[in-house]
>>> print(open('model09.pdb').read())   # PDB, C-alpha atoms
ATOM      1  CA  MET A  19      99.403  98.902  49.007
ATOM      2  CA  ARG A  20     103.142  98.755  48.406
ATOM      3  CA  ARG A  21     103.867  99.598  52.027
ATOM      4  CA  LEU A  22     101.398  96.936  53.194
ATOM      5  CA  ALA A  23     103.442  94.279  51.385
ATOM      6  CA  PHE A  24     106.338  95.120  53.688
ATOM      7  CA  ILE A  25     104.345  95.625  56.889
ATOM      8  CA  VAL A  26     102.304  92.412  56.754
ATOM      9  CA  PRO A  27     105.290  89.991  56.798
ATOM     10  CA  VAL A  28     106.901  91.978  59.605
ATOM     11  CA  VAL A  29     103.707  91.840  61.675
ATOM     12  CA  VAL A  30     103.315  88.107  60.989
ATOM     13  CA  PHE A  31     106.948  87.513  61.952
ATOM     14  CA  LEU A  32     106.590  89.484  65.184
ATOM     15  CA  GLY A  33     103.427  87.537  66.011
ATOM     16  CA  ILE A  34     105.098  84.164  65.519
ATOM     17  CA  ALA A  35     108.207  85.360  67.395
ATOM     18  CA  ALA A  36     106.057  86.472  70.354
ATOM     19  CA  VAL A  37     104.218  83.132  70.519
ATOM     20  CA  MET A  38     107.483  81.217  70.378
ATOM     21  CA  ALA A  39     109.179  83.434  72.956
ATOM     22  CA  ILE A  40     106.307  82.759  75.365
ATOM     23  CA  GLY A  41     106.558  79.041  74.610
ATOM     24  CA  LEU A  42     110.306  78.986  75.253
ATOM     25  CA  GLY A  43     109.927  80.805  78.549
ATOM     26  CA  ARG A  44     107.612  78.167  79.972
ATOM     27  CA  ASP A  45     108.547  74.836  81.480
ATOM     28  CA  PRO A  46     106.589  72.289  79.434
ATOM     29  CA  LYS A  47     106.889  69.730  82.245
ATOM     30  CA  ILE A  48     104.633  71.779  84.487
ATOM     31  CA  LEU A  49     100.993  71.178  83.745
ATOM     32  CA  PRO A  50      98.358  73.685  84.730
ATOM     33  CA  SER A  51      96.450  72.450  87.758
ATOM     34  CA  MET A  52      92.778  71.712  87.271
ATOM     35  CA  LEU A  53      92.117  72.269  90.969
ATOM     36  CA  ILE A  54      92.910  75.980  91.259
ATOM     37  CA  GLY A  55      89.803  77.728  92.585
ATOM     38  CA  LYS A  56      88.129  74.419  93.422
ATOM     39  CA  PRO A  57      87.664  72.784  96.817
ATOM     40  CA  LEU A  58      90.020  69.967  97.768
ATOM     41  CA  PRO A  59      88.700  66.577  96.690
ATOM     42  CA  ALA A  60      87.453  64.760  99.791
ATOM     43  CA  PHE A  61      90.009  62.517 101.466
ATOM     44  CA  ASN A  62      90.692  61.179 104.918
ATOM     45  CA  LEU A  63      94.080  59.513 105.216
ATOM     46  CA  PRO A  64      95.794  57.800 108.159
ATOM     47  CA  ASP A  65      99.166  58.993 109.447
ATOM     48  CA  VAL A  66     102.221  57.097 108.254
ATOM     49  CA  ARG A  67     104.009  57.952 111.522
ATOM     50  CA  THR A  68     103.445  55.940 114.668
ATOM     51  CA  GLY A  69     102.752  57.521 118.011
ATOM     52  CA  THR A  70     100.859  60.490 116.637
ATOM     53  CA  GLY A  71      97.551  59.344 118.069
ATOM     54  CA  GLY A  72      96.245  58.257 114.696
ATOM     55  CA  ARG A  73      95.853  61.789 113.380
ATOM     56  CA  GLY A  74      96.174  61.655 109.655
ATOM     57  CA  LEU A  75      95.326  64.286 107.111
ATOM     58  CA  ALA A  76      91.798  64.971 105.889
ATOM     59  CA  SER A  77      90.438  67.463 103.388
ATOM     60  CA  SER A  78      88.379  68.958 106.221
ATOM     61  CA  ASP A  79      91.526  69.947 108.155
ATOM     62  CA  PHE A  80      91.784  73.259 106.316
ATOM     63  CA  GLU A  81      88.580  74.885 107.468
ATOM     64  CA  GLY A  82      89.175  78.241 109.082
ATOM     65  CA  LYS A  83      92.916  78.271 108.493
ATOM     66  CA  PRO A  84      94.959  78.421 105.290
ATOM     67  CA  GLY A  85      97.540  75.678 104.965
ATOM     68  CA  LEU A  86     100.166  73.935 102.890
ATOM     69  CA  ILE A  87     100.156  70.381 101.599
ATOM     70  CA  ASN A  88     103.582  69.122 100.641
ATOM     71  CA  VAL A  89     103.589  65.949  98.547
ATOM     72  CA  PHE A  90     106.674  63.874  99.355
ATOM     73  CA  ALA A  91     108.027  60.345  99.105
ATOM     74  CA  SER A  92     111.106  58.548 100.359
ATOM     75  CA  TRP A  93     112.026  57.521  96.783
ATOM     76  CA  CYS A  94     111.963  61.097  95.575
ATOM     77  CA  VAL A  95     115.374  62.692  95.086
ATOM     78  CA  SER A  96     114.132  66.272  94.833
ATOM     79  CA  CYS A  97     112.282  65.790  98.138
ATOM     80  CA  ARG A  98     115.650  65.081  99.753
ATOM     81  CA  ILE A  99     116.914  68.406  98.375
ATOM     82  CA  GLU A 100     113.791  70.226  99.532
ATOM     83  CA  HIS A 101     113.718  68.704 102.998
ATOM     84  CA  PRO A 102     116.258  70.940 104.848
ATOM     85  CA  PHE A 103     114.324  74.022 103.787
ATOM     86  CA  LEU A 104     111.059  72.538 105.094
ATOM     87  CA  MET A 105     112.841  71.909 108.406
ATOM     88  CA  ARG A 106     113.875  75.561 108.452
ATOM     89  CA  LEU A 107     110.290  76.651 107.853
ATOM     90  CA  LYS A 108     109.119  74.438 110.691
ATOM     91  CA  ALA A 109     111.747  76.033 112.971
ATOM     92  CA  GLU A 110     110.307  79.409 111.968
ATOM     93  CA  GLY A 111     106.896  78.221 113.092
ATOM     94  CA  VAL A 112     105.297  77.559 109.690
ATOM     95  CA  SER A 113     102.701  74.784 109.732
ATOM     96  CA  ILE A 114     103.135  72.330 106.839
ATOM     97  CA  HIS A 115     101.027  69.259 106.185
ATOM     98  CA  GLY A 116     102.513  66.329 104.342
ATOM     99  CA  LEU A 117     101.101  63.868 101.846
ATOM    100  CA  ASN A 118     103.269  60.752 101.813
ATOM    101  CA  TRP A 119     102.664  59.684  98.221
ATOM    102  CA  LYS A 120     103.090  56.162  96.824
ATOM    103  CA  ASP A 121     105.509  55.050  99.519
ATOM    104  CA  LYS A 122     105.682  51.413 100.554
ATOM    105  CA  GLY A 123     105.081  50.353 104.168
ATOM    106  CA  ASP A 124     106.709  52.586 106.732
ATOM    107  CA  ALA A 125     109.299  54.005 104.286
ATOM    108  CA  GLY A 126     107.805  57.462 104.775
ATOM    109  CA  ALA A 127     107.921  57.171 108.568
ATOM    110  CA  ARG A 128     111.536  56.010 108.432
ATOM    111  CA  TRP A 129     112.413  58.957 106.169
ATOM    112  CA  LEU A 130     110.948  61.360 108.744
ATOM    113  CA  THR A 131     112.827  59.675 111.591
ATOM    114  CA  GLN A 132     116.088  59.797 109.664
ATOM    115  CA  PHE A 133     115.999  63.335 108.263
ATOM    116  CA  GLY A 134     113.633  65.091 110.667
ATOM    117  CA  ASP A 135     109.910  65.702 110.571
ATOM    118  CA  PRO A 136     108.816  69.128 109.281
ATOM    119  CA  TYR A 137     105.120  68.221 109.186
ATOM    120  CA  ASP A 138     102.193  69.070 111.370
ATOM    121  CA  ARG A 139      99.921  66.414 109.946
ATOM    122  CA  VAL A 140     100.819  63.700 107.439
ATOM    123  CA  GLY A 141      98.438  61.740 105.234
ATOM    124  CA  TYR A 142      99.591  58.319 104.084
ATOM    125  CA  ASP A 143      98.629  57.612 100.474
ATOM    126  CA  PRO A 144     100.280  54.301  99.501
ATOM    127  CA  THR A 145      98.026  53.703  96.481
ATOM    128  CA  GLY A 146      98.597  57.226  95.193
ATOM    129  CA  ARG A 147      94.885  57.735  94.607
ATOM    130  CA  THR A 148      94.567  60.877  96.709
ATOM    131  CA  GLY A 149      97.568  62.285  94.869
ATOM    132  CA  ILE A 150      95.940  61.493  91.525
ATOM    133  CA  ASN A 151      92.714  63.161  92.675
ATOM    134  CA  LEU A 152      94.836  66.232  93.385
ATOM    135  CA  GLY A 153      96.341  66.011  89.893
ATOM    136  CA  VAL A 154      99.820  65.268  91.230
ATOM    137  CA  THR A 155     102.271  64.297  88.474
ATOM    138  CA  GLY A 156     105.327  63.771  90.662
ATOM    139  CA  ALA A 157     106.892  64.596  93.979
ATOM    140  CA  PRO A 158     107.572  67.097  95.409
ATOM    141  CA  GLU A 159     104.579  69.320  94.823
ATOM    142  CA  THR A 160     103.149  71.863  97.213
ATOM    143  CA  PHE A 161      99.555  73.082  97.354
ATOM    144  CA  VAL A 162      98.310  76.216  99.074
ATOM    145  CA  ILE A 163      94.809  75.822 100.519
ATOM    146  CA  ASP A 164      92.681  78.736 101.739
ATOM    147  CA  LYS A 165      90.409  78.973 104.799
ATOM    148  CA  LYS A 166      87.466  77.499 102.910
ATOM    149  CA  GLY A 167      89.434  74.444 101.815
ATOM    150  CA  VAL A 168      89.795  75.778  98.258
ATOM    151  CA  VAL A 169      93.038  75.085  96.379
ATOM    152  CA  ARG A 170      94.631  78.423  95.484
ATOM    153  CA  TYR A 171      98.080  77.531  94.207
ATOM    154  CA  ARG A 172     100.180  74.577  93.156
ATOM    155  CA  HIS A 173     103.958  74.614  93.103
ATOM    156  CA  VAL A 174     105.736  71.851  91.180
ATOM    157  CA  GLY A 175     109.233  70.915  92.343
ATOM    158  CA  PRO A 176     111.114  71.641  95.542
ATOM    159  CA  VAL A 177     110.172  74.661  97.624
ATOM    160  CA  ASP A 178     113.273  76.838  97.852
ATOM    161  CA  PRO A 179     113.905  80.147  99.652
ATOM    162  CA  GLU A 180     113.082  82.102  96.491
ATOM    163  CA  THR A 181     109.724  80.415  95.853
ATOM    164  CA  TRP A 182     108.920  80.790  99.507
ATOM    165  CA  THR A 183     109.643  84.517  99.799
ATOM    166  CA  THR A 184     108.307  85.581  96.403
ATOM    167  CA  THR A 185     105.235  83.366  96.073
ATOM    168  CA  LEU A 186     104.169  81.063  98.878
ATOM    169  CA  LYS A 187     104.648  83.305 101.908
ATOM    170  CA  PRO A 188     102.913  86.372 100.393
ATOM    171  CA  LEU A 189     100.023  84.175  99.241
ATOM    172  CA  LEU A 190      99.652  82.589 102.693
ATOM    173  CA  ASP A 191      99.667  86.039 104.323
ATOM    174  CA  LYS A 192      97.009  87.192 101.865
ATOM    175  CA  LEU A 193      94.849  84.123 102.543
ATOM    176  CA  GLU A 194      95.273  84.626 106.284
ATOM    177  CA  ALA A 195      93.917  88.163 105.922
ATOM    178  CA  GLU A 196      90.933  87.009 103.836
ATOM    179  CA  ALA A 197      87.540  86.900 105.524
TER     180      ALA A 197
ATOM    181  CA  MET B  24     127.028  33.102  60.334
ATOM    182  CA  LYS B  25     123.977  32.347  58.226
ATOM    183  CA  ARG B  26     122.290  30.853  61.240
ATOM    184  CA  LEU B  27     123.050  33.918  63.301
ATOM    185  CA  LEU B  28     121.637  36.182  60.604
ATOM    186  CA  ALA B  29     118.516  34.067  60.393
ATOM    187  CA  LEU B  30     118.132  34.233  64.140
ATOM    188  CA  ILE B  31     118.542  38.007  64.183
ATOM    189  CA  LEU B  32     116.040  38.345  61.351
ATOM    190  CA  ALA B  33     113.560  36.083  63.114
ATOM    191  CA  LEU B  34     113.894  38.035  66.355
ATOM    192  CA  THR B  35     113.426  41.328  64.517
ATOM    193  CA  VAL B  36     110.213  40.052  62.980
ATOM    194  CA  VAL B  37     108.931  38.751  66.289
ATOM    195  CA  ALA B  38     109.758  41.901  68.254
ATOM    196  CA  GLY B  39     106.694  44.062  68.399
ATOM    197  CA  PRO B  40     106.496  47.463  70.047
ATOM    198  CA  ALA B  41     107.340  47.058  73.719
ATOM    199  CA  LEU B  42     104.178  47.588  75.735
ATOM    200  CA  ALA B  43     104.211  48.448  79.373
ATOM    201  CA  VAL B  44     100.812  46.910  80.061
ATOM    202  CA  LEU B  45     101.475  43.962  82.340
ATOM    203  CA  PRO B  46      99.463  40.756  82.088
ATOM    204  CA  GLU B  47      98.148  41.104  85.641
ATOM    205  CA  GLU B  48      96.810  44.552  84.849
ATOM    206  CA  GLN B  49      94.551  43.268  82.109
ATOM    207  CA  LEU B  50      90.849  42.770  82.571
ATOM    208  CA  LYS B  51      89.268  39.326  82.323
ATOM    209  CA  ASP B  52      86.527  40.626  80.041
ATOM    210  CA  PRO B  53      88.103  40.795  76.547
ATOM    211  CA  VAL B  54      85.610  43.448  75.354
ATOM    212  CA  LEU B  55      86.375  45.768  78.277
ATOM    213  CA  GLU B  56      90.093  45.091  77.942
ATOM    214  CA  ALA B  57      89.969  45.974  74.243
ATOM    215  CA  ARG B  58      88.180  49.222  75.067
ATOM    216  CA  ALA B  59      90.754  49.985  77.766
ATOM    217  CA  ARG B  60      93.620  49.327  75.333
ATOM    218  CA  HIS B  61      92.018  51.503  72.693
ATOM    219  CA  LEU B  62      91.412  54.347  75.168
ATOM    220  CA  SER B  63      94.842  54.191  76.754
ATOM    221  CA  LYS B  64      96.397  54.823  73.333
ATOM    222  CA  GLU B  65      94.669  58.210  73.368
ATOM    223  CA  LEU B  66      95.850  59.109  76.852
ATOM    224  CA  ARG B  67      99.142  60.792  77.596
ATOM    225  CA  CYS B  68     101.442  59.771  80.405
ATOM    226  CA  VAL B  69     101.621  63.005  82.403
ATOM    227  CA  VAL B  70     105.101  62.214  83.725
ATOM    228  CA  CYS B  71     106.932  61.266  80.526
ATOM    229  CA  GLN B  72     104.595  63.393  78.418
ATOM    230  CA  ASN B  73     105.327  62.094  74.943
ATOM    231  CA  GLN B  74     104.244  58.525  75.495
ATOM    232  CA  THR B  75     100.807  57.038  75.811
ATOM    233  CA  ILE B  76      99.963  55.506  79.167
ATOM    234  CA  ASP B  77      99.940  52.231  77.233
ATOM    235  CA  ASP B  78     103.624  52.575  76.318
ATOM    236  CA  SER B  79     104.942  54.115  79.489
ATOM    237  CA  ASP B  80     106.754  52.308  82.269
ATOM    238  CA  ALA B  81     106.205  55.192  84.687
ATOM    239  CA  PRO B  82     104.470  54.088  87.906
ATOM    240  CA  LEU B  83     101.935  56.894  87.501
ATOM    241  CA  ALA B  84     101.049  55.603  84.015
ATOM    242  CA  ALA B  85     100.393  52.177  85.558
ATOM    243  CA  ASP B  86      98.110  53.854  88.107
ATOM    244  CA  LEU B  87      96.247  55.649  85.331
ATOM    245  CA  ARG B  88      95.837  52.385  83.398
ATOM    246  CA  ALA B  89      94.420  50.764  86.530
ATOM    247  CA  ILE B  90      92.036  53.683  87.111
ATOM    248  CA  LEU B  91      90.905  53.545  83.494
ATOM    249  CA  ARG B  92      90.073  49.860  83.849
ATOM    250  CA  GLU B  93      88.263  50.486  87.119
ATOM    251  CA  ARG B  94      86.120  53.168  85.508
ATOM    252  CA  LEU B  95      85.230  50.917  82.582
ATOM    253  CA  THR B  96      84.424  48.015  84.898
ATOM    254  CA  ALA B  97      82.222  50.363  86.934
ATOM    255  CA  GLY B  98      80.208  50.989  83.763
ATOM    256  CA  ASP B  99      81.629  54.288  82.502
ATOM    257  CA  THR B 100      81.358  55.056  78.807
ATOM    258  CA  ASP B 101      84.613  55.825  76.979
ATOM    259  CA  GLU B 102      83.817  59.532  77.189
ATOM    260  CA  GLN B 103      83.105  59.363  80.933
ATOM    261  CA  ALA B 104      86.319  57.484  81.611
ATOM    262  CA  LYS B 105      88.316  60.088  79.661
ATOM    263  CA  ALA B 106      86.476  62.932  81.411
ATOM    264  CA  TYR B 107      87.453  61.411  84.767
ATOM    265  CA  LEU B 108      91.134  61.841  83.907
ATOM    266  CA  VAL B 109      90.636  65.238  82.221
ATOM    267  CA  GLN B 110      89.091  66.453  85.491
ATOM    268  CA  ARG B 111      92.368  65.695  87.228
ATOM    269  CA  TYR B 112      95.016  66.432  84.624
ATOM    270  CA  GLY B 113      93.273  68.723  82.157
ATOM    271  CA  ASP B 114      93.034  68.414  78.379
ATOM    272  CA  PHE B 115      96.773  67.757  78.386
ATOM    273  CA  VAL B 116      96.113  64.128  79.279
ATOM    274  CA  LEU B 117      94.433  63.682  75.880
ATOM    275  CA  LEU B 118      96.888  63.089  73.048
ATOM    276  CA  LYS B 119      94.303  64.513  70.655
ATOM    277  CA  PRO B 120      93.293  67.855  72.160
ATOM    278  CA  PRO B 121      89.681  69.018  71.823
ATOM    279  CA  ILE B 122      88.917  72.005  69.609
ATOM    280  CA  ASN B 123      88.457  75.068  71.830
ATOM    281  CA  PRO B 124      89.664  78.695  71.762
ATOM    282  CA  ALA B 125      93.021  77.737  73.290
ATOM    283  CA  THR B 126      93.726  75.066  70.675
ATOM    284  CA  LEU B 127      92.260  76.785  67.585
ATOM    285  CA  PHE B 128      95.689  77.822  66.303
ATOM    286  CA  LEU B 129      97.045  74.351  67.014
ATOM    287  CA  TRP B 130      94.304  72.808  64.875
ATOM    288  CA  PHE B 131      94.020  75.346  62.075
ATOM    289  CA  GLY B 132      97.335  77.241  62.212
ATOM    290  CA  PRO B 133      99.157  74.997  59.710
ATOM    291  CA  ALA B 134      96.278  75.185  57.193
ATOM    292  CA  LEU B 135      96.174  78.953  57.700
ATOM    293  CA  LEU B 136      99.912  79.295  57.054
ATOM    294  CA  LEU B 137      99.610  77.073  53.955
ATOM    295  CA  LEU B 138      96.751  79.215  52.624
ATOM    296  CA  GLY B 139      98.776  82.368  53.319
ATOM    297  CA  GLY B 140     101.752  80.918  51.473
ATOM    298  CA  ALA B 141      99.596  79.840  48.525
ATOM    299  CA  PHE B 142      98.096  83.323  48.362
ATOM    300  CA  GLY B 143     101.603  84.841  48.374
ATOM    301  CA  VAL B 144     102.740  82.572  45.527
ATOM    302  CA  TRP B 145      99.597  83.368  43.536
ATOM    303  CA  ARG B 146     100.126  87.099  44.020
ATOM    304  CA  TYR B 147     103.757  86.759  42.957
ATOM    305  CA  TRP B 148     103.004  84.950  39.689
ATOM    306  CA  ARG B 149     100.043  87.125  38.834
ATOM    307  CA  GLY B 150     102.075  90.243  39.528
ATOM    308  CA  ARG B 151     104.755  89.067  37.093
ATOM    309  CA  SER B 152     102.381  88.389  34.186
ATOM    310  CA  VAL B 153     100.168  91.424  34.697
ATOM    311  CA  VAL B 154     102.919  94.022  34.234
ATOM    312  CA  ALA B 155     102.769  94.257  30.438
ATOM    313  CA  PRO B 156     105.246  96.693  28.903
ATOM    314  CA  ALA B 157     103.715 100.080  28.051
ATOM    315  CA  PRO B 158     103.287 100.762  24.326
ATOM    316  CA  LEU B 159     106.085 102.780  22.735
ATOM    317  CA  ASP B 160     105.558 106.529  22.505
ATOM    318  CA  PRO B 161     106.018 108.248  19.090
ATOM    319  CA  ASP B 162     109.680 109.185  19.844
ATOM    320  CA  GLU B 163     110.573 105.600  20.724
ATOM    321  CA  GLN B 164     108.777 104.320  17.610
ATOM    322  CA  ALA B 165     110.768 106.702  15.461
ATOM    323  CA  ARG B 166     114.045 105.537  17.051
ATOM    324  CA  LEU B 167     113.082 101.904  16.656
ATOM    325  CA  LYS B 168     112.312 102.473  12.965
ATOM    326  CA  ALA B 169     115.641 104.214  12.475
ATOM    327  CA  LEU B 170     117.545 101.395  14.194
ATOM    328  CA  LEU B 171     115.748  98.720  12.181
ATOM    329  CA  SER B 172     116.412 100.473   8.894
ATOM    330  CA  GLU B 173     120.078 100.809   9.908
ATOM    331  CA  THR B 174     120.567  97.075  10.403
ATOM    332  CA  SER B 175     118.626  95.950   7.365
TER     333      SER B 175
END
>>> encode(input="model09.pdb", output="structure tokens")
Amino acid sequence: MRRLAFIVPVVVFLGIAAVMAIGLGRDPKILPSMLIGKPLPAFNLPDVRTGTGGRGLASSDFEGKPGLINVFASWCVSCRIEHPFLMRLKAEGVSIHGLNWKDKGDAGARWLTQFGDPYDRVGYDPTGRTGINLGVTGAPETFVIDKKGVVRYRHVGPVDPETWTTTLKPLLDKLEAEA
Amino acid sequence: MKRLLALILALTVVAGPALAVLPEEQLKDPVLEARARHLSKELRCVVCQNQTIDDSDAPLAADLRAILRERLTAGDTDEQAKAYLVQRYGDFVLLKPPINPATLFLWFGPALLLLGGAFGVWRYWRGRSVVAPAPLDPDEQARLKALLSETS
């Protein structure tokens, strides 16, 4: 009984400390995605770029092949930071699809002309509704979609070499190998 | 000076909380608009996070306000309109989280800690009063008698 009086506060303290340590280690700005494990919400968007034969981005584009959707906008500062790395990935032969989110007019197209175009397909979402259906809270965000069109991962913030090698690339390889 | 003070005072009284809801966003139907205003006070701006979508100037908050009004106009109940946003942004979009296993501690943790503290205090006080001194043994009684007779 005596010993219990000492052990109980220690256990309670360790419990609270553990909860708080977990809380401190997490970025509160990153919300859990509601879409993980669910199929992409249906969308069929036009291309913001001209001269691409009108191919936009549709939710049905992911059947049979895993893919990436990178949410970007010309007003987004972090997208500017992320962009050179996306260009590098394109040079390495990685296929990336873009979602031009809440951009006015041809601002997205001009951005791609100015800084280079790392995208295979680009969907133009000026109202931001497709982004909201995806649960996007800001740009840039990157989604990994599997062969069945199911969302498997969401990365918030710029894709950098570390995220790519430790998370995105291994996941894509795994999805590629899936039946 | 007095005039200036009066002016400042008047302006302070007039200034209400700054709302981000723009006049052109508002619905024509006052009943629907009132419902939308009431609901948007319960919904969190997912960009700024500690503001309601009603208070936030973030473009995404404006989009969410517009969606909310669209849902209501389309005939959604309050619950359906909220569920529409929860589907996209999770329970986080609600400023008042629902009671479920993940939020149990959030809801009842403070009461639990208070109860624990009250129990500790009760134990402490009871422990102090319960320890009554043991009666004196015959030796001690003899010494006490001797001491008392010495002083008297």
>>> interface_residues(input="model09.pdb", of="chain B", to="chain A", cutoff="12 Å", atoms="only C-alpha atoms", output="JSON, numbers by chain")
{"B": [67, 68, 69, 70, 71, 72, 73, 81, 82, 83, 84, 85, 86, 87, 89, 90, 107, 108, 109, 110, 111, 112, 113, 114, 115, 116, 128, 129, 132, 136, 139, 140, 143, 146, 147]}
>>> resolve_selection(input="model09.pdb", expression="the PyMOL selection byres ((chain A and resi 57) around 6)", output="PDB file with C-alpha atoms, in the coordinates of the input")
ATOM      1  CA  LYS A  56      88.129  74.419  93.422  1.00  0.00           C
ATOM      2  CA  LEU A  58      90.020  69.967  97.768  1.00  0.00           C
ATOM      3  CA  GLY A 167      89.434  74.444 101.815  1.00  0.00           C
ATOM      4  CA  VAL A 168      89.795  75.778  98.258  1.00  0.00           C
ATOM      5  CA  VAL A 169      93.038  75.085  96.379  1.00  0.00           C
TER       6      VAL A 169
END
>>> atom_distance(input="model09.pdb", atom1="atom CA of A:Lys108", atom2="atom CA of A:Pro59")
26.0 Å
>>> residues_around(input="model09.pdb", residues="stretch 121-129 of chain A", least_positions_apart="4", cutoff="6 Å", atoms="only C-alpha atoms", output="number ranges by chain")
A: 66-67, 91-92, 144
>>> closest_residue(input="model09.pdb", among="A:Gly116, A:Gly175, A:Pro136, A:Pro158", to="A:Leu63", atoms="all atoms listed in the file")
A:Gly116
>>> resolve_selection(input="model09.pdb", expression="the PyMOL selection byres ((chain B and resi 46-62) around 7)", output="list in words")
Val44, Leu45, Ser63, Lys64, Glu65, Leu66, Ala89, Leu91, Arg92 and Leu95 of chain B
>>> atom_distance(input="model09.pdb", atom1="atom CA of A:Ala23", atom2="atom CA of B:Trp130")
27.0 Å
>>> atom_distance(input="model09.pdb", atom1="atom CA of B:Asp80", atom2="atom CA of A:Val95")
18.6 Å
>>> closest_residue(input="model09.pdb", among="A:Gly82, A:Phe61, A:Glu100, A:Gly69", to="A:Leu117", atoms="only C-alpha atoms")
A:Phe61
>>> resolve_selection(input="model09.pdb", expression="the PyMOL selection byres ((chain A and resi 106) around 12)", output="VMD selection string")
chain A and resid 100 to 105 107 to 114 134 to 137 177 to 179 182
>>> residues_around(input="model09.pdb", residues="stretch 187-197 of chain A", least_positions_apart="4", cutoff="7 Å", atoms="all atoms listed in the file", output="ChimeraX atom specification")
/A:84,164,182-183
>>> closest_residue(input="model09.pdb", among="A:Val29, A:Ala76, A:Ile99, A:Ile163", to="A:Ile54", atoms="all atoms listed in the file")
A:Ile163
>>> decode(input="model09.pdb", residues="stretch 61-90 of chain B", atoms="C-alpha atoms", output="PDB file, in the first residue's frame")
ATOM      1  CA  HIS B  61     -24.731  29.634 -37.047  1.00  0.00           C
ATOM      2  CA  LEU B  62     -23.103  26.571 -38.647  1.00  0.00           C
ATOM      3  CA  SER B  63     -19.990  28.375 -39.812  1.00  0.00           C
ATOM      4  CA  LYS B  64     -19.270  29.358 -36.202  1.00  0.00           C
ATOM      5  CA  GLU B  65     -18.895  25.649 -35.451  1.00  0.00           C
ATOM      6  CA  LEU B  66     -16.575  24.989 -38.370  1.00  0.00           C
ATOM      7  CA  ARG B  67     -12.828  25.389 -38.219  1.00  0.00           C
ATOM      8  CA  CYS B  68     -10.772  27.026 -40.923  1.00  0.00           C
ATOM      9  CA  VAL B  69      -8.425  24.184 -41.868  1.00  0.00           C
ATOM     10  CA  VAL B  70      -5.671  26.573 -42.961  1.00  0.00           C
ATOM     11  CA  CYS B  71      -5.495  28.941 -39.986  1.00  0.00           C
ATOM     12  CA  GLN B  72      -6.823  26.271 -37.631  1.00  0.00           C
ATOM     13  CA  ASN B  73      -7.795  28.342 -34.621  1.00  0.00           C
ATOM     14  CA  GLN B  74     -10.401  30.489 -36.299  1.00  0.00           C
ATOM     15  CA  THR B  75     -13.892  29.664 -37.419  1.00  0.00           C
ATOM     16  CA  ILE B  76     -14.521  29.821 -41.147  1.00  0.00           C
ATOM     17  CA  ASP B  77     -16.747  32.774 -40.256  1.00  0.00           C
ATOM     18  CA  ASP B  78     -13.806  34.762 -38.871  1.00  0.00           C
ATOM     19  CA  SER B  79     -11.118  33.722 -41.291  1.00  0.00           C
ATOM     20  CA  ASP B  80      -9.878  35.717 -44.251  1.00  0.00           C
ATOM     21  CA  ALA B  81      -8.198  32.665 -45.779  1.00  0.00           C
ATOM     22  CA  PRO B  82      -9.364  31.995 -49.354  1.00  0.00           C
ATOM     23  CA  LEU B  83     -10.061  28.368 -48.445  1.00  0.00           C
ATOM     24  CA  ALA B  84     -12.348  29.510 -45.604  1.00  0.00           C
ATOM     25  CA  ALA B  85     -14.278  31.612 -48.135  1.00  0.00           C
ATOM     26  CA  ASP B  86     -14.606  28.516 -50.332  1.00  0.00           C
ATOM     27  CA  LEU B  87     -15.892  26.501 -47.385  1.00  0.00           C
ATOM     28  CA  ARG B  88     -18.427  29.224 -46.537  1.00  0.00           C
ATOM     29  CA  ALA B  89     -19.626  29.164 -50.143  1.00  0.00           C
ATOM     30  CA  ILE B  90     -19.889  25.360 -50.122  1.00  0.00           C
TER      31      ILE B  90
END
